[in-house]
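Pasting my_file16.cif here (mmCIF, N, CA and C atoms):
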```
data_my_file
loop_
_atom_site.label_atom_id
_atom_site.label_comp_id
_atom_site.auth_asym_id
_atom_site.auth_seq_id
_atom_site.Cartn_x
_atom_site.Cartn_y
_atom_site.Cartn_z
N MET A 77 -9.38 10.00 17.67
CA MET A 77 -10.28 10.30 16.58
C MET A 77 -11.74 10.15 16.97
N LEU A 78 -12.07 9.28 17.91
CA LEU A 78 -13.45 9.10 18.32
C LEU A 78 -13.77 10.05 19.45
N ALA A 79 -14.89 10.73 19.35
CA ALA A 79 -15.25 11.71 20.35
C ALA A 79 -16.25 11.18 21.37
N GLN A 80 -17.05 10.18 20.98
CA GLN A 80 -18.08 9.65 21.86
C GLN A 80 -18.15 8.14 21.72
N GLN A 81 -18.91 7.52 22.59
CA GLN A 81 -19.14 6.08 22.51
C GLN A 81 -20.13 5.78 21.40
N ASP A 82 -20.11 4.54 20.89
CA ASP A 82 -21.07 4.12 19.87
C ASP A 82 -22.48 4.18 20.42
N GLY A 83 -23.41 4.56 19.58
CA GLY A 83 -24.81 4.56 19.97
C GLY A 83 -25.51 3.37 19.36
N GLY A 84 -25.93 2.42 20.15
CA GLY A 84 -26.58 1.22 19.64
C GLY A 84 -28.08 1.37 19.58
N GLN A 85 -28.63 2.39 20.21
CA GLN A 85 -30.06 2.61 20.18
C GLN A 85 -30.33 3.97 19.56
N GLU A 86 -31.53 4.13 19.07
CA GLU A 86 -31.86 5.34 18.34
C GLU A 86 -31.68 6.61 19.17
N ASN A 87 -31.93 6.54 20.49
CA ASN A 87 -31.81 7.75 21.30
C ASN A 87 -30.43 7.92 21.91
N SER A 88 -29.52 7.00 21.66
CA SER A 88 -28.14 7.12 22.15
C SER A 88 -27.36 8.02 21.20
N PRO A 89 -26.39 8.77 21.74
CA PRO A 89 -25.60 9.62 20.85
C PRO A 89 -24.73 8.78 19.91
N ALA A 90 -24.61 9.23 18.69
CA ALA A 90 -23.77 8.53 17.71
C ALA A 90 -22.32 8.94 17.92
N ALA A 91 -21.42 8.00 17.65
CA ALA A 91 -19.99 8.29 17.70
C ALA A 91 -19.64 9.26 16.57
N VAL A 92 -18.58 10.00 16.74
CA VAL A 92 -18.08 10.90 15.70
C VAL A 92 -16.71 10.39 15.26
N TYR A 93 -16.57 10.14 13.97
CA TYR A 93 -15.32 9.66 13.41
C TYR A 93 -14.74 10.79 12.56
N ASP A 94 -13.63 11.36 13.02
CA ASP A 94 -13.00 12.49 12.36
C ASP A 94 -12.11 11.99 11.23
N LEU A 95 -12.56 12.21 10.01
CA LEU A 95 -11.81 11.80 8.81
C LEU A 95 -11.31 13.01 8.04
N LYS A 96 -11.29 14.15 8.72
CA LYS A 96 -10.85 15.39 8.07
C LYS A 96 -9.37 15.30 7.69
N GLY A 97 -9.04 15.84 6.54
CA GLY A 97 -7.66 15.83 6.06
C GLY A 97 -7.32 14.62 5.21
N LEU A 98 -8.23 13.63 5.17
CA LEU A 98 -8.00 12.43 4.36
C LEU A 98 -8.68 12.60 3.01
N ASN A 99 -8.03 12.11 1.96
CA ASN A 99 -8.59 12.18 0.62
C ASN A 99 -8.97 10.80 0.12
N CYS A 100 -9.84 10.79 -0.88
CA CYS A 100 -10.33 9.58 -1.52
C CYS A 100 -9.16 8.65 -1.87
N PRO A 101 -9.25 7.38 -1.52
CA PRO A 101 -10.39 6.62 -1.01
C PRO A 101 -10.38 6.43 0.52
N LEU A 102 -9.48 7.09 1.23
CA LEU A 102 -9.31 6.82 2.66
C LEU A 102 -10.55 7.05 3.52
N PRO A 103 -11.35 8.11 3.33
CA PRO A 103 -12.53 8.24 4.18
C PRO A 103 -13.48 7.03 4.10
N VAL A 104 -13.71 6.53 2.89
CA VAL A 104 -14.59 5.37 2.73
C VAL A 104 -13.95 4.12 3.31
N LEU A 105 -12.67 3.92 3.07
CA LEU A 105 -12.00 2.72 3.59
C LEU A 105 -11.99 2.70 5.11
N LYS A 106 -11.72 3.83 5.73
CA LYS A 106 -11.70 3.91 7.19
C LYS A 106 -13.11 3.78 7.76
N ALA A 107 -14.10 4.38 7.09
CA ALA A 107 -15.48 4.24 7.54
C ALA A 107 -15.93 2.79 7.46
N LYS A 108 -15.57 2.11 6.40
CA LYS A 108 -15.92 0.70 6.23
C LYS A 108 -15.35 -0.14 7.37
N LYS A 109 -14.09 0.08 7.68
CA LYS A 109 -13.43 -0.66 8.75
C LYS A 109 -14.08 -0.37 10.10
N ARG A 110 -14.38 0.89 10.37
CA ARG A 110 -14.99 1.29 11.64
C ARG A 110 -16.40 0.73 11.79
N LEU A 111 -17.20 0.83 10.73
CA LEU A 111 -18.57 0.31 10.78
C LEU A 111 -18.60 -1.20 10.97
N ALA A 112 -17.59 -1.89 10.46
CA ALA A 112 -17.53 -3.35 10.60
C ALA A 112 -17.41 -3.78 12.07
N THR A 113 -16.90 -2.90 12.92
CA THR A 113 -16.74 -3.22 14.35
C THR A 113 -17.98 -2.90 15.17
N MET A 114 -18.98 -2.26 14.55
CA MET A 114 -20.16 -1.78 15.26
C MET A 114 -21.33 -2.75 15.09
N GLN A 115 -22.28 -2.66 16.01
CA GLN A 115 -23.48 -3.47 15.96
C GLN A 115 -24.46 -2.92 14.91
N PRO A 116 -25.22 -3.79 14.24
CA PRO A 116 -26.25 -3.30 13.32
C PRO A 116 -27.20 -2.34 14.04
N GLY A 117 -27.54 -1.27 13.38
CA GLY A 117 -28.40 -0.25 13.96
C GLY A 117 -27.65 0.87 14.66
N SER A 118 -26.35 0.67 14.93
CA SER A 118 -25.54 1.72 15.53
C SER A 118 -25.33 2.83 14.52
N ARG A 119 -25.18 4.03 15.03
CA ARG A 119 -24.98 5.18 14.15
C ARG A 119 -23.62 5.80 14.36
N LEU A 120 -23.09 6.33 13.27
CA LEU A 120 -21.75 6.92 13.26
C LEU A 120 -21.75 8.19 12.43
N TRP A 121 -21.28 9.29 13.02
CA TRP A 121 -21.08 10.53 12.26
C TRP A 121 -19.71 10.45 11.61
N LEU A 122 -19.66 10.70 10.32
CA LEU A 122 -18.40 10.79 9.59
C LEU A 122 -18.18 12.25 9.24
N GLU A 123 -17.04 12.81 9.64
CA GLU A 123 -16.72 14.20 9.31
C GLU A 123 -15.55 14.20 8.35
N THR A 124 -15.73 14.82 7.19
CA THR A 124 -14.72 14.80 6.14
C THR A 124 -14.47 16.19 5.57
N THR A 125 -13.29 16.34 4.99
CA THR A 125 -12.97 17.54 4.21
C THR A 125 -12.78 17.20 2.74
N ASP A 126 -12.83 15.92 2.40
CA ASP A 126 -12.66 15.47 1.02
C ASP A 126 -13.88 15.88 0.20
N PRO A 127 -13.71 16.71 -0.85
CA PRO A 127 -14.87 17.14 -1.63
C PRO A 127 -15.59 15.98 -2.34
N LEU A 128 -14.90 14.89 -2.59
CA LEU A 128 -15.53 13.75 -3.26
C LEU A 128 -16.37 12.91 -2.30
N ALA A 129 -16.28 13.17 -1.01
CA ALA A 129 -17.05 12.39 -0.03
C ALA A 129 -18.55 12.53 -0.25
N VAL A 130 -19.01 13.66 -0.80
CA VAL A 130 -20.44 13.83 -1.05
C VAL A 130 -20.96 12.85 -2.10
N ILE A 131 -20.06 12.29 -2.89
CA ILE A 131 -20.41 11.25 -3.86
C ILE A 131 -20.08 9.88 -3.27
N ASP A 132 -18.89 9.76 -2.69
CA ASP A 132 -18.38 8.47 -2.23
C ASP A 132 -19.14 7.89 -1.05
N ILE A 133 -19.45 8.68 -0.04
CA ILE A 133 -20.11 8.16 1.17
C ILE A 133 -21.52 7.64 0.85
N PRO A 134 -22.37 8.42 0.14
CA PRO A 134 -23.69 7.87 -0.21
C PRO A 134 -23.60 6.59 -1.06
N ALA A 135 -22.66 6.55 -2.01
CA ALA A 135 -22.49 5.36 -2.84
C ALA A 135 -22.03 4.18 -2.00
N PHE A 136 -21.10 4.41 -1.09
CA PHE A 136 -20.63 3.35 -0.19
C PHE A 136 -21.79 2.80 0.64
N CYS A 137 -22.63 3.68 1.20
CA CYS A 137 -23.76 3.25 2.02
C CYS A 137 -24.72 2.39 1.19
N ALA A 138 -25.04 2.84 0.00
CA ALA A 138 -25.97 2.11 -0.87
C ALA A 138 -25.43 0.73 -1.24
N GLU A 139 -24.14 0.65 -1.53
CA GLU A 139 -23.53 -0.61 -1.94
C GLU A 139 -23.32 -1.56 -0.77
N SER A 140 -23.16 -1.02 0.43
CA SER A 140 -22.81 -1.84 1.59
C SER A 140 -24.00 -2.18 2.49
N GLY A 141 -25.17 -1.64 2.18
CA GLY A 141 -26.35 -1.93 2.98
C GLY A 141 -26.48 -1.09 4.24
N HIS A 142 -25.72 0.00 4.31
CA HIS A 142 -25.85 0.94 5.42
C HIS A 142 -26.86 2.01 5.03
N ARG A 143 -27.39 2.71 6.02
CA ARG A 143 -28.39 3.75 5.76
C ARG A 143 -27.80 5.12 6.03
N LEU A 144 -27.85 5.98 5.03
CA LEU A 144 -27.41 7.36 5.20
C LEU A 144 -28.59 8.14 5.77
N ILE A 145 -28.47 8.55 7.03
CA ILE A 145 -29.56 9.20 7.75
C ILE A 145 -29.59 10.70 7.46
N GLU A 146 -28.41 11.31 7.47
CA GLU A 146 -28.35 12.77 7.34
C GLU A 146 -27.02 13.18 6.72
N THR A 147 -27.05 14.23 5.94
CA THR A 147 -25.85 14.84 5.37
C THR A 147 -25.92 16.33 5.67
N ALA A 148 -24.80 16.90 6.10
CA ALA A 148 -24.77 18.33 6.42
C ALA A 148 -23.43 18.92 6.02
N ALA A 149 -23.48 20.15 5.52
CA ALA A 149 -22.25 20.88 5.24
C ALA A 149 -21.75 21.46 6.56
N ILE A 150 -20.45 21.34 6.79
CA ILE A 150 -19.82 21.94 7.97
C ILE A 150 -18.66 22.80 7.48
N SER A 151 -18.10 23.57 8.35
CA SER A 151 -17.00 24.43 7.97
C SER A 151 -15.86 23.61 7.37
N GLY A 152 -15.58 23.82 6.10
CA GLY A 152 -14.48 23.14 5.43
C GLY A 152 -14.78 21.74 4.94
N GLY A 153 -16.01 21.26 5.09
CA GLY A 153 -16.29 19.89 4.65
C GLY A 153 -17.74 19.48 4.81
N HIS A 154 -17.91 18.20 5.11
CA HIS A 154 -19.25 17.63 5.24
C HIS A 154 -19.30 16.66 6.41
N ARG A 155 -20.53 16.42 6.84
CA ARG A 155 -20.79 15.50 7.94
C ARG A 155 -21.90 14.55 7.49
N PHE A 156 -21.72 13.26 7.75
CA PHE A 156 -22.67 12.24 7.32
C PHE A 156 -23.04 11.37 8.53
N LEU A 157 -24.33 11.18 8.75
CA LEU A 157 -24.77 10.26 9.79
C LEU A 157 -25.15 8.96 9.12
N VAL A 158 -24.42 7.90 9.48
CA VAL A 158 -24.60 6.59 8.86
C VAL A 158 -25.08 5.61 9.92
N GLU A 159 -26.11 4.84 9.56
CA GLU A 159 -26.59 3.76 10.43
C GLU A 159 -26.09 2.45 9.86
N ARG A 160 -25.41 1.67 10.69
CA ARG A 160 -24.84 0.41 10.22
C ARG A 160 -25.97 -0.56 9.84
N GLY A 161 -25.82 -1.16 8.68
CA GLY A 161 -26.79 -2.15 8.21
C GLY A 161 -26.57 -3.50 8.86
N ALA A 162 -27.45 -4.43 8.55
CA ALA A 162 -27.40 -5.76 9.15
C ALA A 162 -26.28 -6.62 8.56
N GLY A 163 -25.86 -6.31 7.35
CA GLY A 163 -24.86 -7.14 6.68
C GLY A 163 -23.53 -6.81 7.10
#
```
Encoded form using C-alpha cells:
Amino acid sequence: MLAQQDGGQENSPAAVYDLKGLNCPLPVLKAKKRLATMQPGSRLWLETTDPLAVIDIPAFCAESGHRLIETAAISGGHRFLVERGAG
C-alpha cells in the first residue's frame, strides 16, 4: 500500500497511502493509525475513492491537530496531503 518512504522534511517526498476502495470510516481510521507511526512534520498523501472523505479527512485533521496541506480530485476519488501534527 505504501509507494514511497515517509518524508520527514519539507523537501522530502511524502509517502502515498492507498485507501482506494475503502468506505467510511475506514479511510480515517487507517490514516489515523498510519499517522501515529510518523514523526511530527512528516507528510502523507491519502488517496481515497470514498465520496465522504472530502468531509471526513478535513474534519479528522482539524480534530486531531494535523494540517491539511492540499486536496485534489483524482480519477475516481480524491487525494489529500496531510502533515502530521505534534500531538
>> Evaluated on this file, the PyMOL selection byres (((chain A and resi 152-156 and name CA) around 8) and name CA) picks out some residues - which ones are they, written as a ChimeraX atom specification?
In response: /A:96,121-127,129-130,133,144-151,157-158
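Taking CA of Gly117 (chain A) and atom N of Ile131 (chain A) as endpoints, the distance between them is 22.6 Å.
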>> From (-25.8, 11.6, 16.8), in the file's coordinates, out to 7 Å: which residues are reached, counting all atoms listed in the file? Answer as number ranges by chain.
In response: A: 88-91, 119-121
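Among the candidates A:Ala162, A:Leu95, A:Ala107, A:Leu128, the residue lying nearest to Gly141 (chain A) is A:Ala162 (atoms considered: all atoms listed in the file).
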> So which bits of chain A end up strand (DSSP E) when you DSSP the backbone, as an MDAnalysis selection string?
Replying inline: chainID A and resid 91:94 119:124 143:150 153:159
Write a file of the selected residues as a PDB file, in the frame of the given file, keeping N, CA and C atoms.
```pdb
ATOM      1  N   ALA A  91     -21.420   8.000  17.650  1.00  0.00           N
ATOM      2  CA  ALA A  91     -19.990   8.290  17.700  1.00  0.00           C
ATOM      3  C   ALA A  91     -19.640   9.260  16.570  1.00  0.00           C
ATOM      4  N   VAL A  92     -18.580  10.000  16.740  1.00  0.00           N
ATOM      5  CA  VAL A  92     -18.080  10.900  15.700  1.00  0.00           C
ATOM      6  C   VAL A  92     -16.710  10.390  15.260  1.00  0.00           C
ATOM      7  N   TYR A  93     -16.570  10.140  13.970  1.00  0.00           N
ATOM      8  CA  TYR A  93     -15.320   9.660  13.410  1.00  0.00           C
ATOM      9  C   TYR A  93     -14.740  10.790  12.560  1.00  0.00           C
ATOM     10  N   ASP A  94     -13.630  11.360  13.020  1.00  0.00           N
ATOM     11  CA  ASP A  94     -13.000  12.490  12.360  1.00  0.00           C
ATOM     12  C   ASP A  94     -12.110  11.990  11.230  1.00  0.00           C
ATOM     13  N   ARG A 119     -25.180   4.030  15.030  1.00  0.00           N
ATOM     14  CA  ARG A 119     -24.980   5.180  14.150  1.00  0.00           C
ATOM     15  C   ARG A 119     -23.620   5.800  14.360  1.00  0.00           C
ATOM     16  N   LEU A 120     -23.090   6.330  13.270  1.00  0.00           N
ATOM     17  CA  LEU A 120     -21.750   6.920  13.260  1.00  0.00           C
ATOM     18  C   LEU A 120     -21.750   8.190  12.430  1.00  0.00           C
ATOM     19  N   TRP A 121     -21.280   9.290  13.020  1.00  0.00           N
ATOM     20  CA  TRP A 121     -21.080  10.530  12.260  1.00  0.00           C
ATOM     21  C   TRP A 121     -19.710  10.450  11.610  1.00  0.00           C
ATOM     22  N   LEU A 122     -19.660  10.700  10.320  1.00  0.00           N
ATOM     23  CA  LEU A 122     -18.400  10.790   9.590  1.00  0.00           C
ATOM     24  C   LEU A 122     -18.180  12.250   9.240  1.00  0.00           C
ATOM     25  N   GLU A 123     -17.040  12.810   9.640  1.00  0.00           N
ATOM     26  CA  GLU A 123     -16.720  14.200   9.310  1.00  0.00           C
ATOM     27  C   GLU A 123     -15.550  14.200   8.350  1.00  0.00           C
ATOM     28  N   THR A 124     -15.730  14.820   7.190  1.00  0.00           N
ATOM     29  CA  THR A 124     -14.720  14.800   6.140  1.00  0.00           C
ATOM     30  C   THR A 124     -14.470  16.190   5.570  1.00  0.00           C
ATOM     31  N   ARG A 143     -27.390   2.710   6.020  1.00  0.00           N
ATOM     32  CA  ARG A 143     -28.390   3.750   5.760  1.00  0.00           C
ATOM     33  C   ARG A 143     -27.800   5.120   6.030  1.00  0.00           C
ATOM     34  N   LEU A 144     -27.850   5.980   5.030  1.00  0.00           N
ATOM     35  CA  LEU A 144     -27.410   7.360   5.200  1.00  0.00           C
ATOM     36  C   LEU A 144     -28.590   8.140   5.770  1.00  0.00           C
ATOM     37  N   ILE A 145     -28.470   8.550   7.030  1.00  0.00           N
ATOM     38  CA  ILE A 145     -29.560   9.200   7.750  1.00  0.00           C
ATOM     39  C   ILE A 145     -29.590  10.700   7.460  1.00  0.00           C
ATOM     40  N   GLU A 146     -28.410  11.310   7.470  1.00  0.00           N
ATOM     41  CA  GLU A 146     -28.350  12.770   7.340  1.00  0.00           C
ATOM     42  C   GLU A 146     -27.020  13.180   6.720  1.00  0.00           C
ATOM     43  N   THR A 147     -27.050  14.230   5.940  1.00  0.00           N
ATOM     44  CA  THR A 147     -25.850  14.840   5.370  1.00  0.00           C
ATOM     45  C   THR A 147     -25.920  16.330   5.670  1.00  0.00           C
ATOM     46  N   ALA A 148     -24.800  16.900   6.100  1.00  0.00           N
ATOM     47  CA  ALA A 148     -24.770  18.330   6.420  1.00  0.00           C
ATOM     48  C   ALA A 148     -23.430  18.920   6.020  1.00  0.00           C
ATOM     49  N   ALA A 149     -23.480  20.150   5.520  1.00  0.00           N
ATOM     50  CA  ALA A 149     -22.250  20.880   5.240  1.00  0.00           C
ATOM     51  C   ALA A 149     -21.750  21.460   6.560  1.00  0.00           C
ATOM     52  N   ILE A 150     -20.450  21.340   6.790  1.00  0.00           N
ATOM     53  CA  ILE A 150     -19.820  21.940   7.970  1.00  0.00           C
ATOM     54  C   ILE A 150     -18.660  22.800   7.480  1.00  0.00           C
ATOM     55  N   GLY A 153     -16.010  21.260   5.090  1.00  0.00           N
ATOM     56  CA  GLY A 153     -16.290  19.890   4.650  1.00  0.00           C
ATOM     57  C   GLY A 153     -17.740  19.480   4.810  1.00  0.00           C
ATOM     58  N   HIS A 154     -17.910  18.200   5.110  1.00  0.00           N
ATOM     59  CA  HIS A 154     -19.250  17.630   5.240  1.00  0.00           C
ATOM     60  C   HIS A 154     -19.300  16.660   6.410  1.00  0.00           C
ATOM     61  N   ARG A 155     -20.530  16.420   6.840  1.00  0.00           N
ATOM     62  CA  ARG A 155     -20.790  15.500   7.940  1.00  0.00           C
ATOM     63  C   ARG A 155     -21.900  14.550   7.490  1.00  0.00           C
ATOM     64  N   PHE A 156     -21.720  13.260   7.750  1.00  0.00           N
ATOM     65  CA  PHE A 156     -22.670  12.240   7.320  1.00  0.00           C
ATOM     66  C   PHE A 156     -23.040  11.370   8.530  1.00  0.00           C
ATOM     67  N   LEU A 157     -24.330  11.180   8.750  1.00  0.00           N
ATOM     68  CA  LEU A 157     -24.770  10.260   9.790  1.00  0.00           C
ATOM     69  C   LEU A 157     -25.150   8.960   9.120  1.00  0.00           C
ATOM     70  N   VAL A 158     -24.420   7.900   9.480  1.00  0.00           N
ATOM     71  CA  VAL A 158     -24.600   6.590   8.860  1.00  0.00           C
ATOM     72  C   VAL A 158     -25.080   5.610   9.920  1.00  0.00           C
ATOM     73  N   GLU A 159     -26.110   4.840   9.560  1.00  0.00           N
ATOM     74  CA  GLU A 159     -26.590   3.760  10.430  1.00  0.00           C
ATOM     75  C   GLU A 159     -26.090   2.450   9.860  1.00  0.00           C
TER      76      GLU A 159
END
```
Would you mind listing what lies within 7 Å of Pro116 (chain A) as a compact mmCIF listing (two decimals) with N, CA and C atoms, in the frame of the given file, with all atoms listed in the file counted and same-chain residues fewer than 5 positions away left out?
```
# COMPACT_ATOMS: atom_id res chain seq x y z
N GLY A 84 -25.93 2.42 20.15
CA GLY A 84 -26.58 1.22 19.64
C GLY A 84 -28.08 1.37 19.58
N GLU A 159 -26.11 4.84 9.56
CA GLU A 159 -26.59 3.76 10.43
C GLU A 159 -26.09 2.45 9.86
N ARG A 160 -25.41 1.67 10.69
CA ARG A 160 -24.84 0.41 10.22
C ARG A 160 -25.97 -0.56 9.84
N GLY A 161 -25.82 -1.16 8.68
CA GLY A 161 -26.79 -2.15 8.21
C GLY A 161 -26.57 -3.50 8.86
N ALA A 162 -27.45 -4.43 8.55
CA ALA A 162 -27.40 -5.76 9.15
C ALA A 162 -26.28 -6.62 8.56
N GLY A 163 -25.86 -6.31 7.35
CA GLY A 163 -24.86 -7.14 6.68
C GLY A 163 -23.53 -6.81 7.10
```
